[in-house]
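S.K.: If it helps, the file is called target07.csv and holds CSV, C-alpha atoms:
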chain,number,residue,atom,x,y,z
A,1,MET,CA,104.9,43.3,112.3
A,2,THR,CA,103.3,45.9,114.6
A,3,HIS,CA,99.6,46.3,115.2
A,4,ASN,CA,97.9,49.5,113.9
A,5,ASN,CA,96.6,50.4,117.3
A,6,GLU,CA,100.0,50.0,118.9
A,7,LEU,CA,101.7,53.3,119.8
A,8,SER,CA,104.9,53.2,117.9
A,9,ARG,CA,108.0,55.2,119.0
A,10,ARG,CA,107.6,57.4,115.9
A,11,LYS,CA,103.9,58.0,116.5
A,12,PHE,CA,104.5,58.8,120.1
A,13,LEU,CA,107.3,61.3,119.4
A,14,THR,CA,105.3,63.0,116.6
A,15,ARG,CA,102.4,63.4,119.0
A,16,MET,CA,104.7,64.8,121.7
A,17,TRP,CA,106.2,67.3,119.3
A,18,ALA,CA,102.7,68.4,118.2
A,19,ALA,CA,101.5,68.7,121.8
A,20,GLY,CA,104.7,70.7,122.7
A,21,GLY,CA,104.3,73.0,119.7
A,22,GLY,CA,100.6,73.5,120.6
A,23,LEU,CA,101.5,74.4,124.1
A,24,MET,CA,104.2,76.8,123.0
A,25,ALA,CA,101.7,78.4,120.5
A,26,ALA,CA,99.0,78.8,123.2
A,27,ALA,CA,101.5,80.3,125.7
A,28,GLY,CA,102.8,82.7,123.0
A,29,ALA,CA,99.3,83.7,122.1
A,30,TRP,CA,98.3,84.3,125.7
A,31,THR,CA,101.5,86.2,126.5
A,32,GLY,CA,101.1,88.3,123.4
A,33,TRP,CA,97.5,89.1,124.2
A,34,ASP,CA,98.2,89.9,127.8
A,35,LEU,CA,101.1,92.1,126.7
A,36,LEU,CA,98.9,94.2,124.4
A,37,ARG,CA,96.0,94.5,126.8
A,38,PRO,CA,95.7,98.1,128.1
A,39,SER,CA,96.9,98.3,131.7
A,40,ALA,CA,94.5,99.4,134.4
A,41,ALA,CA,96.6,102.6,134.8
A,42,SER,CA,95.7,103.7,131.3
A,43,SER,CA,92.0,104.0,132.2
A,44,LEU,CA,90.4,107.1,133.7
A,45,THR,CA,90.5,106.5,137.4
A,46,ALA,CA,91.2,110.0,138.9
A,47,GLN,CA,88.2,111.5,140.6
A,48,VAL,CA,87.3,114.8,139.2
A,49,LYS,CA,86.2,117.5,141.8
A,50,THR,CA,83.7,119.9,140.2
A,51,LEU,CA,81.1,122.5,141.5
A,52,PRO,CA,78.7,122.5,144.4
A,53,PRO,CA,75.4,120.8,143.2
A,54,GLN,CA,73.5,124.1,143.6
A,55,ALA,CA,75.8,125.8,141.2
A,56,VAL,CA,74.5,123.7,138.3
A,57,PRO,CA,71.9,125.8,136.5
A,58,ALA,CA,68.4,124.5,135.7
A,59,THR,CA,68.9,125.1,132.0
A,60,GLY,CA,71.8,124.2,129.9
A,61,VAL,CA,74.7,121.9,130.9
A,62,VAL,CA,78.2,122.4,132.5
A,63,GLU,CA,81.0,120.7,130.5
A,64,ILE,CA,83.6,119.0,132.7
A,65,LYS,CA,86.5,118.3,130.3
A,66,ALA,CA,88.6,116.4,132.8
A,67,ALA,CA,85.8,113.9,133.4
A,68,ARG,CA,84.9,113.6,129.7
A,69,GLY,CA,81.3,114.6,130.5
A,70,TYR,CA,78.7,117.1,131.4
A,71,LEU,CA,76.8,118.0,134.6
A,72,THR,CA,73.0,118.6,134.2
A,73,ARG,CA,70.1,119.1,136.5
A,74,GLU,CA,67.3,116.6,136.9
A,75,GLY,CA,64.9,118.2,139.3
A,76,ASP,CA,66.7,118.4,142.6
A,77,GLN,CA,69.4,116.0,141.5
A,78,VAL,CA,72.5,116.7,139.4
A,79,ILE,CA,73.6,113.9,137.1
A,80,ALA,CA,76.8,113.5,135.1
A,81,LEU,CA,76.6,112.4,131.5
A,82,SER,CA,79.5,110.9,129.6
A,83,TRP,CA,80.2,112.8,126.4
A,84,LYS,CA,81.0,109.5,124.5
A,85,CYS,CA,78.3,108.7,122.1
A,86,PRO,CA,76.6,105.3,122.8
A,87,HIS,CA,76.5,104.7,119.1
A,88,LEU,CA,80.2,104.7,117.9
A,89,GLY,CA,82.1,106.7,120.5
A,90,CYS,CA,82.3,110.2,119.1
A,91,ARG,CA,82.3,113.1,121.5
A,92,VAL,CA,78.8,114.5,121.7
A,93,PRO,CA,78.8,118.3,122.0
A,94,TRP,CA,76.1,120.4,123.6
A,95,CYS,CA,74.3,122.6,121.0
A,96,GLU,CA,73.5,126.0,122.5
A,97,SER,CA,70.9,127.1,119.8
A,98,SER,CA,68.7,123.9,120.1
A,99,GLN,CA,69.6,123.1,123.7
A,100,GLU,CA,70.2,119.5,122.8
A,101,PHE,CA,73.2,117.1,122.6
A,102,GLU,CA,73.9,116.5,118.9
A,103,CYS,CA,76.5,114.0,117.7
A,104,PRO,CA,78.3,115.3,114.6
A,105,CYS,CA,79.4,111.8,113.5
A,106,HIS,CA,76.1,110.2,112.7
A,107,GLY,CA,73.5,112.6,113.9
A,108,SER,CA,72.3,111.1,117.2
A,109,VAL,CA,70.4,113.7,119.2
A,110,PHE,CA,69.6,113.6,122.9
A,111,ASN,CA,67.8,116.0,125.2
A,112,ARG,CA,69.3,117.8,128.2
A,113,LEU,CA,69.1,114.7,130.3
A,114,GLY,CA,70.8,112.6,127.6
A,115,GLU,CA,67.6,110.9,126.6
A,116,TYR,CA,67.4,109.7,123.0
A,117,ARG,CA,65.6,111.9,120.6
A,118,ALA,CA,66.9,111.0,117.1
A,119,GLY,CA,69.6,109.2,115.1
A,120,PRO,CA,71.2,105.7,115.3
A,121,SER,CA,72.1,105.6,119.0
A,122,PRO,CA,71.0,102.3,120.6
A,123,ARG,CA,70.4,103.8,124.0
A,124,ASN,CA,70.4,107.0,126.1
A,125,MET,CA,73.7,108.7,126.9
A,126,ASP,CA,75.8,106.9,129.5
A,127,ARG,CA,76.0,108.3,133.0
A,128,LEU,CA,79.0,108.8,135.2
A,129,ALA,CA,78.9,108.1,139.0
A,130,THR,CA,78.9,111.1,141.2
A,131,THR,CA,79.3,111.7,144.9
A,132,VAL,CA,79.2,114.9,147.0
A,133,VAL,CA,82.4,115.5,149.0
A,134,ASP,CA,82.7,118.6,151.2
A,135,GLY,CA,79.8,120.2,149.4
A,136,SER,CA,81.3,119.6,145.9
A,137,LEU,CA,80.2,117.1,143.3
A,138,VAL,CA,82.9,114.6,142.5
A,139,ILE,CA,82.7,112.6,139.3
A,140,ASP,CA,84.2,109.1,138.9
A,141,PRO,CA,84.9,108.9,135.1
A,142,GLY,CA,85.9,105.2,135.4
A,143,ASN,CA,82.4,104.3,136.8
A,144,VAL,CA,80.1,104.4,133.7
A,145,THR,CA,76.5,103.2,133.8
A,146,PRO,CA,75.1,102.5,130.3
A,147,GLY,CA,72.2,104.7,129.4
A,148,GLY,CA,68.7,103.4,129.7
A,149,PRO,CA,66.8,101.9,126.7
A,150,LEU,CA,65.0,104.1,124.2
A,151,GLY,CA,61.7,105.4,125.5
A,152,PRO,CA,59.6,108.4,126.0
A,153,GLU,CA,61.4,111.5,127.3
A,154,THR,CA,60.9,112.4,130.9
A,155,ILE,CA,61.2,116.2,130.4
A,156,ASP,CA,59.3,118.4,128.1
A,157,GLU,CA,62.1,120.5,126.5
A,158,PRO,CA,61.6,120.6,122.7
A,159,PRO,CA,64.4,122.0,120.5
A,160,ALA,CA,64.8,125.7,121.4
A,161,GLY,CA,66.1,126.7,118.0
A,162,PRO,CA,67.9,125.5,114.9
A,163,ARG,CA,70.1,122.4,115.3
A,164,CYS,CA,74.0,122.6,115.1
A,165,ILE,CA,74.3,119.6,112.8
A,166,GLY,CA,72.8,119.6,109.3
A,167,GLU,CA,70.0,117.4,108.3
A,168,GLY,CA,70.7,114.1,106.6
A,169,HIS,CA,73.7,113.1,108.6
B,1,MET,CA,130.6,90.7,72.0
B,2,THR,CA,128.3,92.8,74.2
B,3,ILE,CA,129.2,93.7,77.8
B,4,GLY,CA,126.3,91.5,79.0
B,5,LYS,CA,127.6,88.4,77.0
B,6,ARG,CA,131.2,89.0,78.2
B,7,PHE,CA,130.0,89.2,81.8
B,8,ARG,CA,128.0,86.0,81.4
B,9,ALA,CA,131.1,84.2,79.9
B,10,SER,CA,133.3,85.3,82.8
B,11,THR,CA,133.9,83.3,85.9
B,12,LEU,CA,132.0,85.8,88.0
B,13,GLY,CA,129.1,85.8,85.5
B,14,ARG,CA,128.9,82.0,85.5
B,15,SER,CA,128.8,82.0,89.3
B,16,VAL,CA,125.9,84.4,89.3
B,17,ILE,CA,123.9,83.2,86.4
B,18,ARG,CA,123.5,79.4,86.2
B,19,ASN,CA,122.4,79.2,82.6
B,20,PRO,CA,124.3,81.8,80.6
B,21,ASN,CA,123.5,80.6,77.1
B,22,ARG,CA,120.0,81.7,76.2
B,23,VAL,CA,119.8,80.3,72.7
B,24,THR,CA,117.1,77.7,72.5
B,25,THR,CA,113.7,77.7,74.2
B,26,ARG,CA,115.0,75.1,76.6
B,27,ASP,CA,117.9,77.4,77.6
B,28,ARG,CA,115.5,80.2,78.3
B,29,ALA,CA,113.2,78.0,80.3
B,30,ALA,CA,116.2,76.7,82.3
B,31,GLY,CA,117.4,80.3,82.9
B,32,HIS,CA,113.9,81.3,84.0
B,33,TRP,CA,113.6,78.3,86.3
B,34,SER,CA,116.9,79.0,88.0
B,35,ASN,CA,116.3,82.7,88.7
B,36,PHE,CA,115.0,83.5,92.1
B,37,PHE,CA,113.1,86.6,91.1
B,38,LEU,CA,111.6,85.0,87.9
B,39,HIS,CA,110.7,81.7,89.4
B,40,ILE,CA,107.4,83.0,90.8
B,41,TYR,CA,106.2,83.1,87.2
B,42,PRO,CA,105.4,80.0,85.3
B,43,VAL,CA,108.1,78.9,82.8
B,44,LYS,CA,105.4,78.4,80.2
B,45,ILE,CA,102.1,80.0,80.1
B,46,ARG,CA,99.1,79.6,77.7
B,47,ARG,CA,99.1,82.4,75.2
B,48,LYS,CA,95.6,83.6,76.1
B,49,GLU,CA,96.7,84.2,79.7
B,50,ILE,CA,98.9,87.1,78.7
B,51,TYR,CA,96.1,89.0,76.9
B,52,PHE,CA,94.7,92.0,78.6
B,53,ARG,CA,91.1,90.7,78.3
B,54,TYR,CA,92.0,87.5,80.2
B,55,SER,CA,92.6,89.1,83.6
B,56,TRP,CA,92.6,92.9,82.9
B,57,PHE,CA,96.0,92.7,84.7
B,58,LEU,CA,94.3,93.4,88.0
B,59,GLY,CA,96.5,91.1,90.1
B,60,VAL,CA,99.7,92.5,88.6
B,61,ALA,CA,98.2,96.0,89.2
B,62,SER,CA,97.7,95.2,92.8
B,63,LEU,CA,101.2,93.9,93.2
B,64,ALA,CA,102.7,96.9,91.4
B,65,LEU,CA,100.7,99.3,93.7
B,66,PHE,CA,101.9,97.3,96.7
B,67,GLY,CA,105.5,97.8,95.5
B,68,SER,CA,104.8,101.5,95.1
B,69,LEU,CA,103.4,101.7,98.6
B,70,VAL,CA,106.4,100.0,100.1
B,71,VAL,CA,108.9,102.3,98.4
B,72,SER,CA,106.9,105.5,99.1
B,73,GLY,CA,106.1,104.3,102.6
B,74,ILE,CA,109.8,103.8,103.4
B,75,TYR,CA,110.5,107.4,102.2
B,76,LEU,CA,107.8,108.7,104.5
B,77,MET,CA,109.1,106.7,107.5
B,78,PHE,CA,112.3,108.8,107.4
B,79,PHE,CA,110.3,111.9,108.3
B,80,TYR,CA,107.5,110.6,110.5
B,81,VAL,CA,107.5,110.1,114.3
B,82,PRO,CA,104.4,108.3,115.6
B,83,SER,CA,103.6,110.5,118.6
B,84,PRO,CA,100.7,112.9,119.2
B,85,THR,CA,103.0,115.8,119.7
B,86,THR,CA,104.9,115.3,116.4
B,87,ALA,CA,102.8,113.3,113.9
B,88,TYR,CA,100.7,116.1,112.5
B,89,GLY,CA,103.6,118.5,112.3
B,90,ASN,CA,105.7,115.8,110.6
B,91,ILE,CA,103.1,115.5,107.9
B,92,GLN,CA,103.0,119.3,107.4
B,93,PHE,CA,106.8,119.2,107.2
B,94,ILE,CA,106.8,116.4,104.6
B,95,GLN,CA,104.2,118.4,102.6
B,96,THR,CA,106.0,121.8,102.7
B,97,GLN,CA,109.7,121.3,103.5
B,98,VAL,CA,110.9,118.0,102.2
B,99,PRO,CA,111.9,118.0,98.6
B,100,PHE,CA,109.4,115.9,96.6
B,101,GLY,CA,107.7,115.2,100.0
B,102,GLN,CA,104.2,116.2,98.8
B,103,TYR,CA,104.7,114.1,95.7
B,104,ILE,CA,105.8,111.0,97.7
B,105,ARG,CA,103.0,111.4,100.1
B,106,ASN,CA,100.5,111.7,97.3
B,107,VAL,CA,102.0,108.6,95.6
B,108,HIS,CA,101.5,106.7,98.9
B,109,ARG,CA,97.9,108.0,99.4
B,110,TRP,CA,96.8,107.4,95.8
B,111,SER,CA,98.5,104.1,95.5
B,112,ALA,CA,96.6,103.1,98.7
B,113,HIS,CA,93.3,104.1,97.3
B,114,PHE,CA,93.9,102.4,94.0
B,115,MET,CA,95.2,99.3,95.6
B,116,VAL,CA,91.9,98.8,97.5
B,117,LEU,CA,90.1,99.4,94.2
B,118,ALA,CA,92.4,97.0,92.3
B,119,VAL,CA,92.1,94.3,94.9
B,120,ALA,CA,88.3,94.5,94.9
B,121,ALA,CA,88.2,94.6,91.1
B,122,HIS,CA,90.6,91.6,91.0
B,123,MET,CA,88.3,89.7,93.3
B,124,ALA,CA,85.2,90.5,91.2
B,125,ARG,CA,87.0,89.6,88.0
B,126,VAL,CA,88.2,86.2,89.4
B,127,PHE,CA,84.6,85.6,90.6
B,128,TYR,CA,82.9,86.5,87.2
B,129,ARG,CA,85.5,84.4,85.3
B,130,GLY,CA,84.8,81.4,87.6
B,131,ALA,CA,88.6,81.3,88.2
B,132,TYR,CA,88.1,80.4,91.9
B,133,LYS,CA,86.7,77.0,91.0
B,134,SER,CA,88.4,73.7,91.4
B,135,PRO,CA,91.4,73.2,91.4
B,136,ARG,CA,92.0,76.8,92.5
B,137,GLU,CA,89.7,77.1,95.5
B,138,PHE,CA,92.5,77.5,98.0
B,139,ASN,CA,94.1,80.4,96.1
B,140,TRP,CA,90.7,82.2,96.4
B,141,VAL,CA,90.9,81.7,100.2
B,142,ILE,CA,94.5,83.1,100.2
B,143,GLY,CA,93.1,86.0,98.2
B,144,VAL,CA,90.4,86.7,100.8
B,145,VAL,CA,93.2,86.9,103.4
B,146,LEU,CA,95.0,89.4,101.2
B,147,LEU,CA,91.9,91.5,100.8
B,148,VAL,CA,91.5,91.6,104.6
B,149,LEU,CA,95.2,92.6,105.0
B,150,THR,CA,94.8,95.3,102.4
B,151,LEU,CA,91.8,96.8,104.2
B,152,LEU,CA,93.6,96.6,107.6
B,153,LEU,CA,96.7,98.3,106.1
B,154,SER,CA,94.3,101.0,104.7
B,155,PHE,CA,92.6,101.4,108.1
B,156,THR,CA,95.8,101.5,110.2
B,157,GLY,CA,97.4,104.1,107.8
B,158,TYR,CA,94.3,106.3,108.1
B,159,LEU,CA,95.1,107.2,111.7
B,160,LEU,CA,98.7,108.2,111.1
B,161,PRO,CA,98.2,111.9,109.9
B,162,TRP,CA,96.6,112.5,113.4
B,163,ASP,CA,94.1,115.1,112.3
B,164,GLN,CA,90.4,115.4,113.2
B,165,LEU,CA,89.3,113.2,110.3
B,166,ALA,CA,91.8,110.4,111.3
B,167,TYR,CA,91.0,110.7,115.0
B,168,TRP,CA,87.3,110.4,114.8
B,169,ALA,CA,87.3,107.8,111.9
B,170,VAL,CA,89.4,105.5,114.1
B,171,THR,CA,87.3,106.2,117.1
B,172,VAL,CA,84.3,105.1,115.1
B,173,GLY,CA,86.1,102.2,113.5
B,174,THR,CA,87.3,100.7,116.8
B,175,SER,CA,83.9,101.3,118.3
B,176,MET,CA,82.4,99.2,115.5
B,177,ALA,CA,84.8,96.4,116.5
B,178,ALA,CA,83.4,96.5,120.0
B,179,TYR,CA,80.0,95.5,118.6
B,180,VAL,CA,81.4,92.0,117.7
B,181,PRO,CA,79.9,89.5,120.1
B,182,ILE,CA,82.0,88.1,123.0
B,183,ILE,CA,85.5,89.2,121.9
B,184,GLY,CA,84.5,92.6,120.4
B,185,GLU,CA,85.1,94.7,123.5
B,186,GLN,CA,88.5,93.0,124.1
B,187,VAL,CA,89.7,93.4,120.5
B,188,SER,CA,88.7,97.1,120.6
B,189,ASN,CA,90.6,97.7,123.8
B,190,VAL,CA,93.7,96.0,122.5
B,191,LEU,CA,93.5,98.0,119.3
B,192,ILE,CA,93.1,101.3,121.2
B,193,GLY,CA,95.4,100.4,124.0
B,194,GLY,CA,93.3,102.4,126.5
B,195,GLN,CA,90.0,104.0,127.1
B,196,GLU,CA,90.1,106.4,124.2
B,197,VAL,CA,92.2,106.9,121.1
B,198,GLY,CA,95.5,108.4,122.2
B,199,SER,CA,99.3,108.0,122.0
B,200,ALA,CA,99.0,104.3,122.7
B,201,THR,CA,96.7,103.8,119.7
B,202,LEU,CA,99.0,105.8,117.4
B,203,ILE,CA,102.0,103.7,118.1
B,204,ARG,CA,100.0,100.5,117.9
B,205,PHE,CA,98.6,101.4,114.5
B,206,TYR,CA,102.0,102.6,113.3
B,207,VAL,CA,103.6,99.2,114.2
B,208,LEU,CA,100.8,97.3,112.6
B,209,HIS,CA,101.0,99.6,109.5
B,210,VAL,CA,104.8,99.6,108.9
B,211,ALA,CA,105.9,96.2,110.4
B,212,LEU,CA,103.4,93.5,111.2
B,213,LEU,CA,100.8,93.8,108.3
B,214,PRO,CA,103.3,94.4,105.5
B,215,THR,CA,105.5,91.4,106.6
B,216,VAL,CA,102.5,89.1,106.8
B,217,GLY,CA,101.4,90.6,103.5
B,218,VAL,CA,104.7,89.8,101.7
B,219,VAL,CA,104.5,86.2,102.9
B,220,VAL,CA,100.9,85.7,101.9
B,221,ILE,CA,101.5,87.4,98.5
B,222,ALA,CA,104.4,85.0,97.9
B,223,LEU,CA,102.1,82.1,98.7
B,224,HIS,CA,99.4,83.5,96.5
B,225,LEU,CA,101.7,83.9,93.5
B,226,TRP,CA,103.3,80.5,94.1
B,227,ARG,CA,99.9,78.8,94.1
B,228,TRP,CA,99.0,80.8,90.9
B,229,ARG,CA,102.1,79.5,89.2
B,230,LYS,CA,101.5,75.9,90.2
B,231,ASP,CA,97.9,76.1,89.2
B,232,SER,CA,98.3,78.1,86.0
B,233,MET,CA,98.6,75.1,83.6
B,234,LEU,CA,95.7,73.2,85.2
B,235,ASP,CA,92.4,73.1,83.5
B,236,THR,CA,89.5,74.6,85.5
B,237,GLU,CA,86.0,73.3,85.5
B,238,HIS,CA,85.2,76.2,83.3
B,239,ASP,CA,87.8,75.0,80.7
B,240,GLN,CA,86.5,71.5,80.9
B,241,GLN,CA,83.0,72.6,80.3
B,242,GLU,CA,84.0,74.6,77.3
B,243,ALA,CA,86.0,71.7,75.8
B,244,MET,CA,82.9,69.5,76.0
Output the file's structure as structure tokens, nothing else.

M.R.:
Amino acid sequence: MTHNNELSRRKFLTRMWAAGGGLMAAAGAWTGWDLLRPSAASSLTAQVKTLPPQAVPATGVVEIKAARGYLTREGDQVIALSWKCPHLGCRVPWCESSQEFECPCHGSVFNRLGEYRAGPSPRNMDRLATTVVDGSLVIDPGNVTPGGPLGPETIDEPPAGPRCIGEGH
Amino acid sequence: MTIGKRFRASTLGRSVIRNPNRVTTRDRAAGHWSNFFLHIYPVKIRRKEIYFRYSWFLGVASLALFGSLVVSGIYLMFFYVPSPTTAYGNIQFIQTQVPFGQYIRNVHRWSAHFMVLAVAAHMARVFYRGAYKSPREFNWVIGVVLLVLTLLLSFTGYLLPWDQLAYWAVTVGTSMAAYVPIIGEQVSNVLIGGQEVGSATLIRFYVLHVALLPTVGVVVIALHLWRWRKDSMLDTEHDQQEAM
């Protein structure tokens, strides 16, 4: 008669099979996950050469499609805003009549500097890194800085006219 | 002698149908038992279970809609290529050029809407009846898995027309996934297959929609029906309370 705490041949083999199966499952899950993860090549890495900083006007924004964003003037500086809404990722268009960014999906509104004004967005619009190369602004669309927390606006530019999105969105 | 009876009496018929003589109740039960397609149903069932008011036939309705979706979906697959350059045009072609194409697409679309409704109603009905209680708790769990599969099928199918509505709905949906703590960002990236919804997302959603999710669905549906058959003659807590 064998003792209960003795590792029998059957118990040992059962455990080995279970361990082997577990290892195979873990390896399969890891391989599958790694296989499906987007490669680094699929992200936006190409630098986008745009205008000289002085060409960005003091009012309105300049849309840079290739960088998925806008250039806008903050005093002497020019900043690049990502057009991806911080709320749920829709593209935020610039509304000419109100001179604001207005997201058509859920109604988030931002001022010309991407500062939060209304809607469900949890933060200000994200910013893209910029450098000046040979007198031209170059945007790095892969280098995104999350927008700052909600707070008072730093510029006094109230809506210039009717909004592009309807009320109640 | 009818053709059916002559076939059953022949050598070929007897090799196909194990219990050819359906005379007594026992014969019929044996025939039912040995039939692969019928064996998912119980051989005997309580009379009250086949009344409309017992279940409102919501589970059967869900299954019938799933069947309709598989058939109409296979038709649509003959005409649809999941690529940003072709997808929207293929849908237009199905709607305007393919004989019965608009009909088949509408069957697929409406069956999908009704299946979500039927599954939700089935869940509510099972809940109100107390049919999830012991000894049927595990079938409730399987049912919740089926609900999630139904919603995932619905969501992945939404992107395939590749129009503005689909594009932004999936942008929003995958961004919602990114709000899940710790794994959210990774899950969202794997679903999208890149930084933004694009060709990689379309092929991923297509494979999920036509291959992975339906296959898992069929297996889990089979499990759900098998559990239902095994549990159907068992008394629930509800029945026991009524008997007292």

S.K.: Check every residue of chain B for an atom within 6 Å of chain A, counting only C-alpha atoms, and provide those that qualify as a ChimeraX atom specification.

M.R.: /B:172,175,190,193-195

S.K.: To one decimal place in Å, what is the distance between atom CA of B:Lys5 and atom CA of B:Val43?

M.R.: 22.5 Å

S.K.: Figure out the distance between atom CA of B:Leu213 and atom CA of B:Thr174, please, to one decimal in Å.

M.R.: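 If I compute the distance from atom CA of B:Thr174 to atom CA of B:Leu213, I get 17.4 Å.
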
S.K.: For B:Leu165, which residue out of A:Pro104, A:Tyr116, A:Ala19, A:Ser97 is the nearest one, using only C-alpha atoms?

M.R.: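 Among the listed residues, A:Pro104 lies closest to B:Leu165.
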
S.K.: Find the residue from A:Ala46, A:Leu51, A:Leu23, A:Gln99 that sits nearest to A:Gly161; use all atoms listed in the file when measuring.

M.R.: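 Ranked by minimum distance to A:Gly161, first place goes to A:Gln99.
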
S.K.: Counting only C-alpha atoms, what is within 12 Å of A:Cys103, bar same-chain residues fewer than 6 positions away, as a ChimeraX atom specification?

M.R.: /A:83-95,109-111,114,116-121,125,163-167,169 /B:168

S.K.: Grab the atom CA of A:Gln77 to atom CA of A:Thr130 distance for me, in Å with one decimal place.

M.R.: 10.7 Å

S.K.: Do a neighbour search on stretch 20-31 of chain B at 10 Å with only C-alpha atoms, toss out local chain neighbours closer than 6 positions, and write the hits as a list in words.

M.R.: Lys5, Phe7, Arg8, Ala9, Ser10, Gly13, Arg14, Leu38, His39, Pro42, Val43 and Lys44 of chain B

S.K.: Can you list, as a list in words, every protein, DNA or RNA residue that comes within 12 Å of B:Val144 when you count only C-alpha atoms, leaving out same-chain residues fewer than 3 positions away?

M.R.: Val119, Ala120, His122, Met123, Ala124, Val126, Phe127, Tyr132, Glu137, Phe138, Asn139, Trp140, Val141, Leu147, Val148, Leu149, Thr150, Leu151, Gly217, Val220, Ile221 and His224 of chain B

S.K.: Which residues are near B:Phe114? Cut-off 12 Å, only C-alpha atoms, ignore same chain within fewer than 3 positions. Put them as a list in words.

M.R.: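 Here the answer would be Leu58, Ala61, Ser62, Leu63, Ala64, Leu65, Phe66, Ser68, Leu69, Asn106, Val107, His108, Arg109, Trp110, Ser111, Leu117, Ala118, Val119, Ala120, Ala121, His122, Thr150, Leu151 and Ser154 of chain B.
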
S.K.: Can you list, as a PyMOL selection string, every protein, DNA or RNA residue that comes within 12 Å of A:Ile139 when you count only C-alpha atoms, leaving out same-chain residues fewer than 6 positions away?

M.R.: chain A and resi 44-53+64-71+78-82+127-133
